[in-house]
Structures are given as structure tokens and as C-alpha cells.
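Only one structure is covered here, and it is reproduced in the block below.
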Amino acid sequence: MLLKKRGQTCLIASSMATLILLMIVLYGTFGTQQPGSSSSLRRDYQLLGRPLYKLDLSWPKNPELFTGDVFAVAVNPYSGVVYVAQRGDNIPKVLAFTTYGDYLMSWNTTTLEMPHGIFLADAASSNPTVWITDVGNGPYGHCIKQYTASGKLLQVLGTPGKPGSGVKPLQFDQPAEIFVHNSGEMYIVDGDGGMNNRLIKLSKELEVLWIHGEKGQGMAQFYIPHSVTVDNSQRVWVADRGNKRIQVFNSITGDWLGTWGSCFTEDAPYSVRMTPDKKYFVVVQLNTNQISLLDAPPVGLIGQCRVVSVIQLADDVKPHLVDLDLKTGALYVAEIGAQQAQKFTPFSLGGTVL
């Protein structure tokens, strides 16, 4: 009888130890600093809630190539190229890597001053292009530029070096981000601390289709609109940074549909993107060093936001803008404080879409 009880006790203790170990693996601190890593910020993170992503320790293979403040990242899932925009004096403003982490090239262009947002358009075509918002105050700033995949300037939106609020001609003041829809229509958030607080929709022919441009805290008003994305249900999602909320609009009419604010009481949303399976929104909060995944609402409903999972980064990493690989679901994060970009892959799904 005594031996039987001891055996049961050992079995229970063993089961509890296994459970604790599993919880540590799933929810604990991951990926401490790699041997030889140049930055102690680089590999420290923690998963809270449902574990959906894990850090890819092998990307990129040459992190020492990051030589400035990394502000934005864009990925072409068809060519397997990741573009990273960084700021600094006498450094390349754009670096390109493969999705496997190999370095490809850098853009030593003089037409970029202070890149803020970056977007990969026409990814499936033979001629994909890269759009970059420039918030510099010099002769090339206050505008949005379109480049070839190799860094050749194709066109400029706005009046370079001249901030403004005009529509004809179109002017910007520190434009934060652009989202180019598959239709060719463009959505621009203009106002990373400048005179404007606008959400603008342009046609493929660059005509203004609708605009919201009033500063404030009310419906369809903004204070530092910082990031924009469009889902497959004709909804535009805007990270309204200064008001600590996400606002939602009808992409066709521009009508206001709703607001999410309850998830952002501690820090504002800086970036908003949707996972390829359309289940989650990925939202970055810079000051709390968090990347949150929020449940995406069904069509016809906005409701209240609900956090499903959090990637808690180390202090002072300062994640800024993100992008997702539409084929694999991989998440790329631009980090200003750590001066790097990092890649997170969907958890235990073998590299397939979430």
C-alpha cells in the first residue's frame, strides 16, 4: 500500500514537472542573447496569452549591416525579398535581404532623407515597386516616393521640400505611411507630427476620392494618424496614435464605422496589419515594447478589441512598423531602439500560413 502511494506521488510530481516545463517553453522568456551577438536587446522576448509566434534566431544572417535607426519593413512574398528602411547620416537608407536572411543589396540613394513607412506594391507582378514615405525637412522631404525593386526612383507624390495641406497639387507634411491596394488605389495617413492629420484615399490615377482631415478626438478626426491597412471586407483600419485608438472606415465611401480604444489604455497603436488568414490584427505599441495580436471581427461588426496574444520585447527595443509575409505568415518588425529588424514565424506550424 505504501509503495502504491509512493508510486502515485511520483507520477503526480512527474506530471506537474512536465506541465511546468511546457508552460515555461510556451509562455516564458525566449531566445536570450546569442553568443557573439552585438546587442543584448536583440534576442530577449516573452510570450503572453496564446503563443502564436516565435523568434527566428537565424534572420538576418548579418545583423551588423543595420547601421541606423530602423523604422520600417516590407516583404515581397513572391520574390522572397525583405526591404528594411533605416535612418542615419552617410548610411544606405534601404537594405534588402532574402526571407532566409541572406543580404542582397542596399540603396545608396540621395533622394531619401528620413524614411518613415515602406510598402511593397504589385508584389505578384514582374515589376513590383516600393513606396516610401519621407518625413525629412530638406529638399527631398514631405513627400512619398515610388521606387523599383532595385532602388530607381519612378515618381514622387507631393511637393518635395515644401510641406503643405493642398490637394491640387497634392501636398503632405510628414506623411507616415501608405497602403497600396491590389486595385491600385492608395490610402495615405499624413501627419507624423506635422500640420496635417489626414486619411486620404487616392485613385489609381492619383485623384483624391475621399479625405478625412480634421484634427481632434471625435469620430473621423485624428491626432497623429500613424499606420493604415485595408482588409478584404472593404474596411480601412487606421492607427490613430495621438488618440490611442484604431478607427475604422468604409473603403468605398469613407464612412466612419467604429473605433477600438479599450486595448490601448497604456500605450498608443503605432502599426496595424492583418495576418494572411484574416484572423488577427497585428498592432505595435512602441513605448511598452509590445506586439499584440487582436481578434479580427467578422464582416458587418466592429465591436470591441480583444487581445489574444502578446510578444513582449525587452525594454528600449521600441518596435515601430511591421509587415507580414502573405505566403508563410512570417512577421517582420522594425525596431528603432534596438536598431534592427527581426523576424517571427508562426508557432509550430511548419512555416505555413497561420
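Every chain in the C-alpha cells takes a letter, A first, then B, and so on in the order presented; its residues are numbered from 1, and the ligands are numbered from 1 following the presented order.
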
Within 10 Å of A:Val208, counting only C-alpha atoms, which residues qualify if same-chain residues fewer than 3 places away don't, as an MDAnalysis selection string?
-> chainID A and resid 167:168 170 185:186 200:205 211

Running DSSP on the backbone, which parts of stretch 240-297 of chain A land in helix (DSSP H, G or I), as a VMD selection string?
-> chain A and resid 241 to 243 262 to 264

Using atom CA of A:Val310 and atom CA of A:Leu48 as the two end points, give the distance in Å to one decimal.
->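 About the pair atom CA of A:Val310 and atom CA of A:Leu48: they are 5.0 Å apart.
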
Pick from A:Thr99, A:Gln155, A:Asn127, A:Thr328, whichever lies nearest to A:Pro60 using only C-alpha atoms | A:Thr99

Skipping near chain neighbours, those fewer than 6 positions away, what residues fall within 7 Å of A:Ala149 using only C-alpha atoms, listed as an MDAnalysis selection string?
-> chainID A and resid 128:130

For A:Gln285, list every protein, DNA or RNA residue within 7 Å, evaluated using only C-alpha atoms, and leave out those in the same chain fewer than 6 positions away; present the list as JSON, numbers by chain.
-> {"A": [267, 268, 269, 270, 291]}

Keeping all heavy atoms for every residue in the selection just given, could you write it to a file as an mmCIF file, in the first residue's frame?
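Below is the file that was written, selection-v2.cif:
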data_model
loop_
_atom_site.group_PDB
_atom_site.id
_atom_site.type_symbol
_atom_site.label_atom_id
_atom_site.label_comp_id
_atom_site.auth_asym_id
_atom_site.auth_seq_id
_atom_site.Cartn_x
_atom_site.Cartn_y
_atom_site.Cartn_z
ATOM 1 N N ASP A 267 -0.627 52.395 -23.888
ATOM 2 C CA ASP A 267 0.193 52.956 -24.960
ATOM 3 C C ASP A 267 -0.593 52.931 -26.260
ATOM 4 O O ASP A 267 -1.494 52.114 -26.464
ATOM 5 C CB ASP A 267 1.490 52.156 -25.116
ATOM 6 C CG ASP A 267 2.498 52.835 -26.032
ATOM 7 O OD1 ASP A 267 2.385 54.060 -26.234
ATOM 8 O OD2 ASP A 267 3.398 52.153 -26.539
ATOM 9 N N ALA A 268 -0.228 53.842 -27.152
ATOM 10 C CA ALA A 268 -0.943 54.010 -28.411
ATOM 11 C C ALA A 268 -0.554 52.945 -29.430
ATOM 12 O O ALA A 268 0.551 52.388 -29.383
ATOM 13 C CB ALA A 268 -0.637 55.397 -28.974
ATOM 14 N N PRO A 269 -1.445 52.660 -30.396
ATOM 15 C CA PRO A 269 -1.067 51.792 -31.511
ATOM 16 C C PRO A 269 -0.212 52.557 -32.512
ATOM 17 O O PRO A 269 -0.562 53.663 -32.926
ATOM 18 C CB PRO A 269 -2.415 51.400 -32.117
ATOM 19 C CG PRO A 269 -3.323 52.554 -31.797
ATOM 20 C CD PRO A 269 -2.856 53.086 -30.475
ATOM 21 N N TYR A 270 0.900 51.967 -32.905
ATOM 22 C CA TYR A 270 1.805 52.589 -33.873
ATOM 23 C C TYR A 270 1.685 51.966 -35.254
ATOM 24 O O TYR A 270 1.893 52.624 -36.262
ATOM 25 C CB TYR A 270 3.251 52.477 -33.385
ATOM 26 C CG TYR A 270 3.679 53.565 -32.439
ATOM 27 C CD1 TYR A 270 3.142 53.647 -31.157
ATOM 28 C CD2 TYR A 270 4.612 54.525 -32.814
ATOM 29 C CE1 TYR A 270 3.530 54.644 -30.275
ATOM 30 C CE2 TYR A 270 5.007 55.528 -31.942
ATOM 31 C CZ TYR A 270 4.461 55.581 -30.670
ATOM 32 O OH TYR A 270 4.839 56.589 -29.798
ATOM 33 N N ILE A 291 4.114 43.768 -29.108
ATOM 34 C CA ILE A 291 3.431 43.448 -30.362
ATOM 35 C C ILE A 291 2.222 42.607 -29.974
ATOM 36 O O ILE A 291 2.375 41.508 -29.420
ATOM 37 C CB ILE A 291 4.342 42.659 -31.315
ATOM 38 C CG1 ILE A 291 5.650 43.424 -31.561
ATOM 39 C CG2 ILE A 291 3.631 42.380 -32.630
ATOM 40 C CD1 ILE A 291 6.739 42.574 -32.166
#

Which value, in Å to one decimal, gives the distance between atom CA of A:Ala85 and atom CA of A:Ala334?
->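 Result for atom CA of A:Ala85 versus atom CA of A:Ala334: 8.4 Å, one decimal.
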
Surrounding residues of A:His212 excluding itself and chain neighbours under 4 positions, 7 Å, only C-alpha atoms, as a list in words | Arg198, Leu199, Ile200 and Ala220 of chain A

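Coordinates place atom CA of A:Val248 at a distance of 21.8 Å from atom CA of A:Gln290.
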
If we count only C-alpha atoms, what is near A:Asp102 at a cut-off of 10 Å, once residues fewer than 6 positions away on the same chain are taken out, given as a PDB file with C-alpha atoms, in the first residue's frame?
ATOM      1  CA  SER A  58      18.699  32.908 -37.912  1.00  0.00           C
ATOM      2  CA  TRP A  59      17.292  36.082 -39.519  1.00  0.00           C
ATOM      3  CA  PRO A  60      19.093  38.034 -40.771  1.00  0.00           C
ATOM      4  CA  LYS A  61      22.432  36.311 -41.107  1.00  0.00           C
ATOM      5  CA  ASN A  62      24.339  39.617 -40.953  1.00  0.00           C
ATOM      6  CA  VAL A  81      12.759  39.762 -50.548  1.00  0.00           C
ATOM      7  CA  VAL A  82      12.533  41.866 -47.375  1.00  0.00           C
ATOM      8  CA  ALA A  96      17.352  44.184 -48.851  1.00  0.00           C
TER       9      ALA A  96
END

Neighbour list for A:Leu294 as a PyMOL selection string, cut-off 12 Å, only C-alpha atoms, skip fewer than 2 positions in-chain = chain A and resi 49-50+52+246+260+262-264+269+272-275+278-284+291-292+296-297+304-311

Identify which of the residues A:Tyr100, A:Tyr147, A:Tyr140, A:Phe71 lies closest to A:Pro115, counting only C-alpha atoms when measuring atom-to-atom distances.
-> A:Phe71

Please identify which residues in stretch 218-296 of chain A DSSP calls strand (DSSP E) from the backbone, and express them as a PyMOL selection string.
-> chain A and resi 221-222+225-230+235-240+245-250+256-260+271-274+280-285+290-295

Of the listed residues A:Gln342, A:Lys152, A:Phe97, A:Ala74, that which approaches A:Thr111 most closely, counting only C-alpha atoms |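 For A:Thr111, the nearest of the given residues is A:Lys152.
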